[in-house]
Protein chains: 2
Amino acid sequence: MQDPVTLKQVAAAAGVHVSTASRALNPVTRSVVKEQTAVRVQEVADRLGYYPHPLARGLRTNRTFTIGMVVPDLMNPLFPPIYAGAEFVLGDLGYSVLVASDESETSKGRGVVSALLERRVDGLILANAHRDFALPTGRETVPAVLVNRSIESRALPSIVGDNRTGIALVVRHLIDLGHTMIAHVAGPRDLSTGLARREGFAAAMSYAGLGVRQDLIVEADAFRTDAGRRACERLLNSGTDFTAVVAGNDLIALGCYDTLAAHGISVPGDVSVTGYNDLTFIDRVAPPLTTVAVDYREMGSAAARALLDLIDHDGGATSPSEPVLLAPELVVRKSTAAPS
Amino acid sequence: MQDPVTLKQVAAAAGVHVSTASRALNPVTRSVVKEQTAVRVQEVADRLGYYPHPLARGLRTNRTFTIGMVVPDLMNPLFPPIYAGAEFVLGDLGYSVLVASDESETSKGRGVVSALLERRVDGLILANAHRDFALPTGRETVPAVLVNRSIESRALPSIVGDNRTGIALVVRHLIDLGHTMIAHVAGPRDLSTGLARREGFAAAMSYAGLGVRQDLIVEADAFRTDAGRRACERLLNSGTDFTAVVAGNDLIALGCYDTLAAHGISVPGDVSVTGYNDLTFIDRVAPPLTTVAVDYREMGSAAARALLDLIDHDGGATSPSEPVLLAPELVVRKSTAAPS
DNA sequence: TTGCGATTTGCAATCCATTGCACGATAGTA
DNA sequence: TACTATCGTGCAATGGATTGCAAATCGCAA
């Protein structure tokens, strides 16, 4: 409807100079203005419904109170909770979240990051990093944190799940049930989650004294159901015997369900299957999937807090650091049973 | 790293005045500059990696190339595709999407809208509207469109699914199977989707000559599983006989699954159940749910296009209009069968 | 009453790009 | 050669808030 109120109008109405009005309205500089004046300005501002023009302010202060968040694919139920957790923390502090999805499954995806940087976001939360990711060089940068996936260089702080421990939980669970021939349908090796779970699998197997057989490990080329189907197919075609499959995540596990069913193999009757992530509704598929739960909302919140810390204190100067690990939790359902 | 390049620097390097540089770089005004000069400026700009400061530009032009999108809850698998569709269309044109979630299930939620307006978004896509929603008055407004849910006043354009037709499809399907005693666990009446499906249900029933029995209609207080459970419980407690349940959406249908199972009633053996939305994975629950598919990605895209239209042409002056309806599609699975 | 330090407030520059207006230069016409 | 269109470019204001610095005001003491 009507035009927004400007600071100049507030100042005029309060009978002071704009600079005084500015100081009166800004909590940080308020103390420099005479109490009585500050109150008057504040009242006028409230009455007129004044709020500062974010562009004008940002232009001057070089802050936008906007955070860029990059996700690979919001349709993957994994990411909405991460977003929700982050936005919950950030929104409270006056930040808005600019969401950009980077559908490209390649390691480039610098396009969206650059786009966000050009928009002068105050920080970045990256949920889509490949292991070889690096912020674009040769251009101004902002504080950034990784979430869910970490990178090889450790150049950016990251908040991720403890994938090694998580996988160890399911391996332990399967061994406790009596399994010894356990296969792994791994996620892509170029994502830290895929690699860490694969390494965790190997570590847990050798720790249990079962050894690591490469013919029991296949890799899905994406954390998706279709990729899981194909990978499981390869596993079956190799002719290797196994009584349990540790899938790289829930979607791959669903792909295994499909392929196993297509081969007339019953879960968990003939083969046990485990997933990772505990997606919504994964408890309602047939059979309900034994998996590892990660608190993704908390992960998003933690990432946001870490980012704010970077913004407020270190000014973005980040020294290489180990990922912050969130504890996973085993969720036993009906897709695992003792080997027949 | 280094500071961003400003137009002034480009102009200096090209040996022209900033205004000339500005015109040379802006496609609209490029023709006013001598071709040769324009080329030179462009080359310098490219070499220096110049891009305009969005805040400075926005301050002057009063455009932010930012669209605000409000969703009730991104964790509901319904909304990510809507976002994806919208962002796909908008991103191509240089717009970024500011996502805000309004968890409050009340009809206020003007808080987030106001926050977005204060940020000077160029337009709004609202996916969370209650039937009595209206944009905040007495303040400047921007073009806005509704998606998925429409409002009573018709004051804003909306892109929604054809809920009446969709429900008619499932009712028809159930009748074809031989059902006559069909119950409806409706969604909340204060959401257009809840109301339209309820009305569609009544219309389809009377069209089929089965009449509308109020004792066969209960209302869930939210489009959630828990609300569906409770509502279904009420339906059963009322003692009314029925052989099929048309649920207001997939989540409510899952709630019905739970309650029916708790009462030892088998689906679809004793009672058939239908949902609405065809959520991801709903084809994998036990039993796979017969439901109505809506192309939510397309809905998001359509909303974005409608919004862009409003922004570019009408300048936001909207006259009341009927919702744009997207055709639904019946998806028959295993939760429906002939009555026993 | 004059003077000095401490508060308050005002001035003006700054952030960066856009754009109406005017000036200068070139081309074309009489 | 003089004169008017045209074209290209520069000047300067503008958008709105922030902030270093200077000026004004006040209180209080000598």
# chains A, B, ... in the order shown; residues from 1 in each chain; ligands from 1

$ interface_residues --of "chain D" --to "chain A" --cutoff "7 Å" --atoms "only C-alpha atoms (C1' of nucleotides)" --output "ChimeraX atom specification"
/D:16-18

$ calpha_fit_and_write --fixed "chain A" --moving "chain B" --output "short mmCIF file (atom, residue, chain, number, x, y, z; two decimals) with C-alpha atoms, in the first residue's frame"
data_model
loop_
_atom_site.label_atom_id
_atom_site.label_comp_id
_atom_site.auth_asym_id
_atom_site.auth_seq_id
_atom_site.Cartn_x
_atom_site.Cartn_y
_atom_site.Cartn_z
CA MET B 1 -0.02 0.00 0.09
CA GLN B 2 1.69 3.21 1.20
CA ASP B 3 5.41 3.63 0.95
CA PRO B 4 7.60 2.36 3.73
CA VAL B 5 8.60 4.90 6.34
CA THR B 6 12.17 6.13 6.11
CA LEU B 7 14.47 7.13 8.87
CA LYS B 8 14.31 10.68 7.61
CA GLN B 9 10.59 10.77 8.22
CA VAL B 10 11.00 9.43 11.71
CA ALA B 11 13.69 11.98 12.43
CA ALA B 12 11.55 14.81 11.13
CA ALA B 13 8.56 13.69 13.15
CA ALA B 14 10.68 13.44 16.26
CA GLY B 15 12.37 16.73 15.61
CA VAL B 16 15.89 15.38 15.46
CA HIS B 17 18.52 14.79 12.84
CA VAL B 18 18.54 11.47 11.01
CA SER B 19 21.85 10.57 12.54
CA THR B 20 20.42 11.02 15.98
CA ALA B 21 17.42 8.96 15.05
CA SER B 22 19.68 6.28 13.69
CA ARG B 23 21.65 6.14 16.91
CA ALA B 24 18.55 6.15 19.04
CA LEU B 25 17.13 3.18 17.19
CA ASN B 26 20.28 1.13 17.10
CA PRO B 27 20.74 -0.79 20.37
CA VAL B 28 24.50 -0.51 20.14
CA THR B 29 24.62 3.26 19.82
CA ARG B 30 21.52 4.01 21.82
CA SER B 31 23.56 4.84 24.92
CA VAL B 32 25.21 7.76 23.20
CA VAL B 33 21.88 9.51 22.79
CA LYS B 34 20.14 11.28 25.64
CA GLU B 35 17.70 8.86 27.21
CA GLN B 36 14.75 11.18 26.79
CA THR B 37 15.48 11.74 23.11
CA ALA B 38 15.97 8.06 22.48
CA VAL B 39 12.61 7.25 24.00
CA ARG B 40 10.89 9.90 21.93
CA VAL B 41 12.47 8.68 18.71
CA GLN B 42 11.59 5.12 19.55
CA GLU B 43 8.00 6.05 20.15
CA VAL B 44 7.73 7.91 16.89
CA ALA B 45 9.34 5.03 15.06
CA ASP B 46 6.89 2.58 16.57
CA ARG B 47 3.96 4.78 15.80
CA LEU B 48 4.99 5.20 12.19
CA GLY B 49 5.85 1.55 11.84
CA TYR B 50 9.42 2.24 10.88
CA TYR B 51 11.92 -0.47 10.14
CA PRO B 52 15.26 0.07 8.49
CA HIS B 53 15.62 -0.57 4.80
CA PRO B 54 17.67 -3.75 4.66
CA LEU B 55 19.36 -2.85 1.42
CA ALA B 56 20.43 0.59 2.54
CA ARG B 57 21.64 -0.80 5.82
CA GLY B 58 23.39 -3.71 4.19
CA LEU B 59 25.04 -1.46 1.66
CA ARG B 60 26.54 0.58 4.42
CA THR B 61 27.33 -2.14 6.96
CA ASN B 62 28.23 -4.82 4.51
CA ARG B 63 25.91 -7.33 6.14
CA THR B 64 22.78 -8.78 4.66
CA PHE B 65 21.60 -10.99 7.51
CA THR B 66 21.10 -13.61 4.91
CA ILE B 67 22.57 -17.08 5.01
CA GLY B 68 22.93 -19.20 1.92
CA MET B 69 22.15 -22.87 2.22
CA VAL B 70 23.00 -25.31 -0.50
CA VAL B 71 21.39 -28.72 -0.60
CA PRO B 72 21.78 -31.39 -3.24
CA ASP B 73 18.10 -32.20 -3.34
CA LEU B 74 15.36 -31.09 -1.03
CA MET B 75 13.18 -33.98 -2.17
CA ASN B 76 15.48 -36.30 -0.29
CA PRO B 77 13.77 -36.42 3.12
CA LEU B 78 17.16 -36.12 4.72
CA PHE B 79 17.58 -32.45 4.04
CA PRO B 80 14.39 -30.77 5.15
CA PRO B 81 15.16 -31.46 8.82
CA ILE B 82 18.63 -30.01 8.37
CA TYR B 83 17.11 -26.91 6.88
CA ALA B 84 14.49 -26.74 9.61
CA GLY B 85 17.10 -26.98 12.33
CA ALA B 86 19.24 -24.29 10.79
CA GLU B 87 16.39 -21.95 10.03
CA PHE B 88 15.12 -22.33 13.57
CA VAL B 89 18.38 -21.08 14.99
CA LEU B 90 19.03 -18.44 12.37
CA GLY B 91 15.53 -17.06 12.13
CA ASP B 92 15.59 -16.23 15.80
CA LEU B 93 18.56 -13.97 15.25
CA GLY B 94 17.08 -12.11 12.34
CA TYR B 95 18.74 -14.08 9.60
CA SER B 96 16.88 -15.33 6.58
CA VAL B 97 17.87 -18.41 4.69
CA LEU B 98 18.38 -18.37 0.97
CA VAL B 99 17.97 -21.95 -0.19
CA ALA B 100 19.66 -23.08 -3.34
CA SER B 101 19.54 -26.59 -4.61
CA ASP B 102 22.31 -27.97 -6.64
CA GLU B 103 20.90 -30.88 -8.50
CA SER B 104 24.09 -31.57 -10.36
CA GLU B 105 25.61 -34.69 -8.92
CA THR B 106 29.04 -33.62 -10.03
CA SER B 107 31.68 -32.11 -7.86
CA LYS B 108 31.37 -28.72 -9.47
CA GLY B 109 28.25 -27.04 -8.25
CA ARG B 110 30.32 -23.95 -7.72
CA GLY B 111 27.71 -22.18 -9.73
CA VAL B 112 25.21 -21.91 -6.95
CA VAL B 113 27.84 -21.06 -4.38
CA SER B 114 29.09 -18.24 -6.56
CA ALA B 115 25.56 -17.05 -7.07
CA LEU B 116 25.05 -16.92 -3.32
CA LEU B 117 28.33 -15.11 -2.81
CA GLU B 118 27.36 -12.54 -5.40
CA ARG B 119 24.25 -11.97 -3.41
CA ARG B 120 26.45 -11.09 -0.48
CA VAL B 121 25.21 -13.67 1.94
CA ASP B 122 26.80 -13.41 5.37
CA GLY B 123 27.60 -17.08 5.49
CA LEU B 124 27.12 -20.44 3.85
CA ILE B 125 25.82 -23.76 5.03
CA LEU B 126 26.76 -26.42 2.57
CA ALA B 127 25.03 -29.76 2.66
CA ASN B 128 26.10 -30.90 -0.75
CA ALA B 129 29.87 -31.08 -0.56
CA HIS B 130 31.78 -33.68 -2.43
CA ARG B 131 34.98 -34.81 -0.77
CA ASP B 132 37.10 -32.69 -3.06
CA PHE B 133 35.02 -29.55 -2.63
CA ALA B 134 36.66 -26.19 -2.09
CA LEU B 135 35.21 -22.71 -2.00
CA PRO B 136 35.80 -20.78 -5.20
CA THR B 137 39.16 -19.05 -5.02
CA GLY B 138 40.22 -15.68 -6.27
CA ARG B 139 37.03 -14.08 -5.12
CA GLU B 140 35.85 -12.68 -1.83
CA THR B 141 34.63 -15.37 0.52
CA VAL B 142 32.44 -15.65 3.57
CA PRO B 143 32.35 -17.92 6.59
CA ALA B 144 31.07 -21.34 5.63
CA VAL B 145 30.34 -24.61 7.36
CA LEU B 146 29.62 -28.03 6.01
CA VAL B 147 26.81 -30.17 7.24
CA ASN B 148 26.24 -33.89 6.90
CA ARG B 149 29.13 -34.27 4.51
CA SER B 150 32.72 -33.29 5.19
CA ILE B 151 35.60 -32.67 2.85
CA GLU B 152 39.03 -34.17 2.53
CA SER B 153 40.94 -30.96 3.03
CA ARG B 154 39.36 -30.15 6.38
CA ALA B 155 39.50 -26.54 5.24
CA LEU B 156 35.97 -25.92 6.44
CA PRO B 157 34.37 -26.84 9.74
CA SER B 158 31.82 -29.58 9.43
CA ILE B 159 29.03 -31.05 11.48
CA VAL B 160 28.40 -34.61 10.47
CA GLY B 161 27.09 -37.86 11.83
CA ASP B 162 29.54 -40.33 13.26
CA ASN B 163 29.26 -42.70 10.33
CA ARG B 164 31.94 -45.11 11.47
CA THR B 165 30.28 -45.64 14.79
CA GLY B 166 26.87 -45.85 13.18
CA ILE B 167 27.92 -48.58 10.82
CA ALA B 168 29.70 -50.36 13.64
CA LEU B 169 26.36 -50.46 15.45
CA VAL B 170 24.61 -52.29 12.65
CA VAL B 171 27.51 -54.63 12.01
CA ARG B 172 27.61 -55.44 15.70
CA HIS B 173 23.85 -56.00 15.63
CA LEU B 174 24.12 -58.40 12.70
CA ILE B 175 26.99 -60.28 14.25
CA ASP B 176 25.05 -60.58 17.47
CA LEU B 177 22.27 -62.17 15.46
CA GLY B 178 24.77 -64.70 14.19
CA HIS B 179 25.68 -63.34 10.78
CA THR B 180 29.19 -63.81 9.48
CA MET B 181 28.82 -63.35 5.76
CA ILE B 182 27.86 -59.70 5.64
CA ALA B 183 27.84 -57.71 2.42
CA HIS B 184 28.01 -53.93 2.04
CA VAL B 185 26.28 -51.96 -0.67
CA ALA B 186 28.24 -48.78 -0.23
CA GLY B 187 27.33 -45.25 -1.21
CA PRO B 188 29.43 -43.24 -3.65
CA ARG B 189 33.03 -42.97 -2.63
CA ASP B 190 33.28 -39.31 -3.58
CA LEU B 191 30.94 -38.37 -0.75
CA SER B 192 32.36 -38.45 2.74
CA THR B 193 29.33 -40.32 3.99
CA GLY B 194 29.81 -43.06 1.45
CA LEU B 195 33.47 -43.41 2.21
CA ALA B 196 33.22 -43.20 5.99
CA ARG B 197 30.54 -45.86 6.13
CA ARG B 198 32.51 -48.11 3.87
CA GLU B 199 35.60 -47.68 6.01
CA GLY B 200 33.53 -48.12 9.12
CA PHE B 201 32.17 -51.32 7.71
CA ALA B 202 35.65 -52.66 7.01
CA ALA B 203 36.88 -51.61 10.43
CA ALA B 204 33.96 -53.19 12.23
CA MET B 205 34.31 -56.41 10.30
CA SER B 206 37.98 -56.83 10.99
CA TYR B 207 37.51 -55.76 14.59
CA ALA B 208 35.07 -58.64 14.88
CA GLY B 209 37.66 -60.95 13.36
CA LEU B 210 35.57 -61.59 10.27
CA GLY B 211 38.03 -60.04 7.85
CA VAL B 212 37.24 -57.77 4.94
CA ARG B 213 36.30 -59.47 1.72
CA GLN B 214 36.29 -57.17 -1.27
CA ASP B 215 33.88 -59.43 -3.11
CA LEU B 216 31.29 -58.63 -0.45
CA ILE B 217 31.49 -54.90 -1.11
CA VAL B 218 29.79 -53.20 -4.04
CA GLU B 219 29.32 -49.51 -4.60
CA ALA B 220 26.12 -47.77 -5.64
CA ASP B 221 26.80 -44.75 -7.80
CA ALA B 222 24.35 -42.61 -5.88
CA PHE B 223 22.47 -42.62 -2.60
CA ARG B 224 19.29 -43.47 -4.45
CA THR B 225 16.93 -46.38 -4.71
CA ASP B 226 17.62 -47.08 -8.36
CA ALA B 227 21.36 -47.08 -7.78
CA GLY B 228 20.81 -49.42 -4.84
CA ARG B 229 18.85 -51.78 -7.04
CA ARG B 230 21.59 -51.94 -9.63
CA ALA B 231 24.36 -52.37 -7.12
CA CYS B 232 22.51 -55.16 -5.35
CA GLU B 233 21.98 -56.81 -8.70
CA ARG B 234 25.73 -56.80 -9.25
CA LEU B 235 26.27 -58.28 -5.83
CA LEU B 236 23.90 -61.13 -6.55
CA ASN B 237 25.34 -61.73 -9.99
CA SER B 238 28.81 -62.09 -8.54
CA GLY B 239 27.58 -65.31 -7.00
CA THR B 240 29.07 -64.59 -3.59
CA ASP B 241 27.21 -65.97 -0.62
CA PHE B 242 25.95 -63.64 2.09
CA THR B 243 23.24 -63.62 4.71
CA ALA B 244 23.05 -59.89 5.42
CA VAL B 245 23.41 -56.61 3.55
CA VAL B 246 24.53 -53.38 5.16
CA ALA B 247 23.27 -50.70 2.83
CA GLY B 248 24.92 -47.29 2.56
CA ASN B 249 21.66 -45.58 3.41
CA ASP B 250 17.94 -46.17 3.59
CA LEU B 251 17.29 -45.49 -0.07
CA ILE B 252 19.93 -47.95 -1.15
CA ALA B 253 18.39 -50.42 1.29
CA LEU B 254 15.04 -49.98 -0.43
CA GLY B 255 16.76 -50.69 -3.72
CA CYS B 256 18.12 -53.87 -2.18
CA TYR B 257 14.60 -54.77 -1.07
CA ASP B 258 13.47 -54.50 -4.67
CA THR B 259 16.27 -56.51 -6.17
CA LEU B 260 16.16 -59.20 -3.52
CA ALA B 261 12.40 -59.52 -3.94
CA ALA B 262 12.85 -59.76 -7.70
CA HIS B 263 15.17 -62.69 -7.11
CA GLY B 264 12.73 -64.36 -4.77
CA ILE B 265 14.91 -63.73 -1.75
CA SER B 266 12.93 -62.81 1.36
CA VAL B 267 13.87 -60.20 3.90
CA PRO B 268 14.70 -61.00 6.64
CA GLY B 269 13.96 -64.69 6.08
CA ASP B 270 16.82 -65.33 3.69
CA VAL B 271 18.79 -62.14 3.97
CA SER B 272 18.82 -59.36 6.56
CA VAL B 273 19.06 -55.76 5.38
CA THR B 274 20.02 -52.61 7.23
CA GLY B 275 19.82 -48.99 6.20
CA TYR B 276 21.10 -45.66 7.42
CA ASN B 277 19.34 -42.38 8.25
CA ASP B 278 15.99 -43.56 9.58
CA LEU B 279 13.99 -41.57 7.05
CA THR B 280 10.40 -40.66 7.77
CA PHE B 281 8.09 -43.55 6.87
CA ILE B 282 10.96 -45.99 6.67
CA ASP B 283 9.35 -47.60 9.70
CA ARG B 284 6.28 -48.29 7.57
CA VAL B 285 7.80 -50.03 4.59
CA ALA B 286 7.57 -53.79 4.38
CA PRO B 287 9.44 -55.02 6.27
CA PRO B 288 10.15 -52.07 8.57
CA LEU B 289 13.81 -51.28 8.13
CA THR B 290 16.46 -51.72 10.76
CA THR B 291 18.57 -48.62 10.44
CA VAL B 292 20.64 -45.96 12.12
CA ALA B 293 18.97 -42.78 13.28
CA VAL B 294 20.73 -39.45 13.08
CA ASP B 295 19.30 -36.28 14.49
CA TYR B 296 19.36 -34.21 11.36
CA ARG B 297 17.44 -31.33 12.83
CA GLU B 298 20.05 -31.03 15.54
CA MET B 299 22.71 -31.30 12.87
CA GLY B 300 21.23 -28.31 11.10
CA SER B 301 21.00 -26.35 14.31
CA ALA B 302 24.55 -27.17 15.24
CA ALA B 303 25.75 -26.10 11.83
CA ALA B 304 23.92 -22.82 12.17
CA ARG B 305 25.42 -22.18 15.59
CA ALA B 306 28.88 -22.98 14.32
CA LEU B 307 28.37 -20.60 11.44
CA LEU B 308 27.15 -17.80 13.67
CA ASP B 309 30.20 -18.32 15.80
CA LEU B 310 32.41 -17.95 12.79
CA ILE B 311 30.61 -14.83 11.67
CA ASP B 312 30.65 -13.13 15.03
CA HIS B 313 34.07 -14.07 16.24
CA ASP B 314 36.69 -15.31 13.91
CA GLY B 315 35.50 -13.21 11.05
CA GLY B 316 35.59 -16.28 8.92
CA ALA B 317 39.23 -17.09 9.46
CA THR B 318 39.04 -20.82 9.70
CA SER B 319 41.85 -23.14 10.52
CA PRO B 320 41.57 -26.75 9.42
CA SER B 321 39.55 -28.73 11.90
CA GLU B 322 38.23 -32.19 12.42
CA PRO B 323 34.53 -32.70 11.77
CA VAL B 324 32.20 -32.44 14.73
CA LEU B 325 30.55 -35.83 15.11
CA LEU B 326 26.97 -36.38 16.16
CA ALA B 327 26.18 -39.66 17.85
CA PRO B 328 24.07 -42.11 15.84
CA GLU B 329 21.58 -44.52 17.29
CA LEU B 330 20.68 -48.03 16.20
CA VAL B 331 17.00 -48.60 15.46
CA VAL B 332 16.14 -52.27 15.29
CA ARG B 333 13.05 -53.18 13.29
CA LYS B 334 11.94 -56.14 11.26
CA SER B 335 14.41 -56.31 8.41
CA THR B 336 17.02 -58.14 10.40
CA ALA B 337 16.89 -61.59 11.93
CA ALA B 338 19.15 -64.49 12.70
CA PRO B 339 20.50 -66.23 9.57
CA SER B 340 18.59 -69.34 8.58
#

$ interface_residues --of "chain C" --to "chain A" --cutoff "7 Å" --atoms "only C-alpha atoms (C1' of nucleotides)" --output "ChimeraX atom specification"
/C:8-10,15

$ select_by_dssp --residues "stretch 117-312 of chain A" --states "alpha helix (DSSP H)" --output "PyMOL selection string"
chain A and resi 117-118+163-177+192-207+225-237+250-262+296-309

$ write_last_selection --atoms "C-alpha atoms" --output "mmCIF file, in the first residue's frame"
data_model
loop_
_atom_site.group_PDB
_atom_site.id
_atom_site.type_symbol
_atom_site.label_atom_id
_atom_site.label_comp_id
_atom_site.auth_asym_id
_atom_site.auth_seq_id
_atom_site.Cartn_x
_atom_site.Cartn_y
_atom_site.Cartn_z
ATOM 1 C CA LEU A 117 28.294 -15.148 -2.748
ATOM 2 C CA GLU A 118 27.317 -12.580 -5.336
ATOM 3 C CA ASN A 163 29.265 -42.717 10.339
ATOM 4 C CA ARG A 164 31.958 -45.123 11.451
ATOM 5 C CA THR A 165 30.300 -45.664 14.786
ATOM 6 C CA GLY A 166 26.893 -45.874 13.181
ATOM 7 C CA ILE A 167 27.957 -48.596 10.805
ATOM 8 C CA ALA A 168 29.733 -50.365 13.617
ATOM 9 C CA LEU A 169 26.400 -50.481 15.424
ATOM 10 C CA VAL A 170 24.640 -52.308 12.610
ATOM 11 C CA VAL A 171 27.562 -54.644 11.958
ATOM 12 C CA ARG A 172 27.653 -55.471 15.656
ATOM 13 C CA HIS A 173 23.903 -56.028 15.597
ATOM 14 C CA LEU A 174 24.162 -58.417 12.644
ATOM 15 C CA ILE A 175 27.038 -60.306 14.198
ATOM 16 C CA ASP A 176 25.093 -60.621 17.414
ATOM 17 C CA LEU A 177 22.300 -62.181 15.402
ATOM 18 C CA SER A 192 32.351 -38.456 2.773
ATOM 19 C CA THR A 193 29.310 -40.323 4.023
ATOM 20 C CA GLY A 194 29.800 -43.064 1.464
ATOM 21 C CA LEU A 195 33.471 -43.403 2.210
ATOM 22 C CA ALA A 196 33.215 -43.199 5.980
ATOM 23 C CA ARG A 197 30.541 -45.857 6.111
ATOM 24 C CA ARG A 198 32.523 -48.107 3.838
ATOM 25 C CA GLU A 199 35.616 -47.679 5.987
ATOM 26 C CA GLY A 200 33.539 -48.110 9.094
ATOM 27 C CA PHE A 201 32.190 -51.337 7.664
ATOM 28 C CA ALA A 202 35.674 -52.650 6.960
ATOM 29 C CA ALA A 203 36.907 -51.604 10.374
ATOM 30 C CA ALA A 204 33.990 -53.202 12.180
ATOM 31 C CA MET A 205 34.358 -56.425 10.231
ATOM 32 C CA SER A 206 38.018 -56.832 10.903
ATOM 33 C CA TYR A 207 37.560 -55.781 14.508
ATOM 34 C CA THR A 225 16.936 -46.366 -4.705
ATOM 35 C CA ASP A 226 17.623 -47.053 -8.354
ATOM 36 C CA ALA A 227 21.353 -47.048 -7.783
ATOM 37 C CA GLY A 228 20.836 -49.411 -4.851
ATOM 38 C CA ARG A 229 18.857 -51.749 -7.057
ATOM 39 C CA ARG A 230 21.593 -51.899 -9.654
ATOM 40 C CA ALA A 231 24.368 -52.345 -7.131
ATOM 41 C CA CYS A 232 22.535 -55.147 -5.379
ATOM 42 C CA GLU A 233 21.997 -56.787 -8.737
ATOM 43 C CA ARG A 234 25.741 -56.762 -9.296
ATOM 44 C CA LEU A 235 26.282 -58.252 -5.880
ATOM 45 C CA LEU A 236 23.907 -61.109 -6.610
ATOM 46 C CA ASN A 237 25.355 -61.694 -10.052
ATOM 47 C CA ASP A 250 17.939 -46.188 3.589
ATOM 48 C CA LEU A 251 17.307 -45.493 -0.063
ATOM 49 C CA ILE A 252 19.946 -47.953 -1.156
ATOM 50 C CA ALA A 253 18.412 -50.416 1.275
ATOM 51 C CA LEU A 254 15.063 -49.984 -0.441
ATOM 52 C CA GLY A 255 16.783 -50.681 -3.727
ATOM 53 C CA CYS A 256 18.142 -53.878 -2.202
ATOM 54 C CA TYR A 257 14.621 -54.779 -1.093
ATOM 55 C CA ASP A 258 13.510 -54.482 -4.692
ATOM 56 C CA THR A 259 16.292 -56.494 -6.211
ATOM 57 C CA LEU A 260 16.176 -59.198 -3.564
ATOM 58 C CA ALA A 261 12.432 -59.504 -4.000
ATOM 59 C CA ALA A 262 12.875 -59.734 -7.741
ATOM 60 C CA TYR A 296 19.334 -34.230 11.414
ATOM 61 C CA ARG A 297 17.436 -31.364 12.901
ATOM 62 C CA GLU A 298 20.040 -31.056 15.600
ATOM 63 C CA MET A 299 22.684 -31.328 12.923
ATOM 64 C CA GLY A 300 21.197 -28.330 11.162
ATOM 65 C CA SER A 301 20.970 -26.361 14.376
ATOM 66 C CA ALA A 302 24.530 -27.189 15.303
ATOM 67 C CA ALA A 303 25.727 -26.108 11.889
ATOM 68 C CA ALA A 304 23.884 -22.828 12.239
ATOM 69 C CA ARG A 305 25.373 -22.190 15.644
ATOM 70 C CA ALA A 306 28.847 -22.981 14.381
ATOM 71 C CA LEU A 307 28.340 -20.606 11.507
ATOM 72 C CA LEU A 308 27.111 -17.800 13.726
ATOM 73 C CA ASP A 309 30.140 -18.313 15.868
#

$ atom_distance --atom1 "atom C1' of D:DA23" --atom2 "atom C1' of C:DC4"
15.8 Å

$ atom_distance --atom1 "atom C1' of C:DT19" --atom2 "atom C1' of D:DG15"
11.8 Å
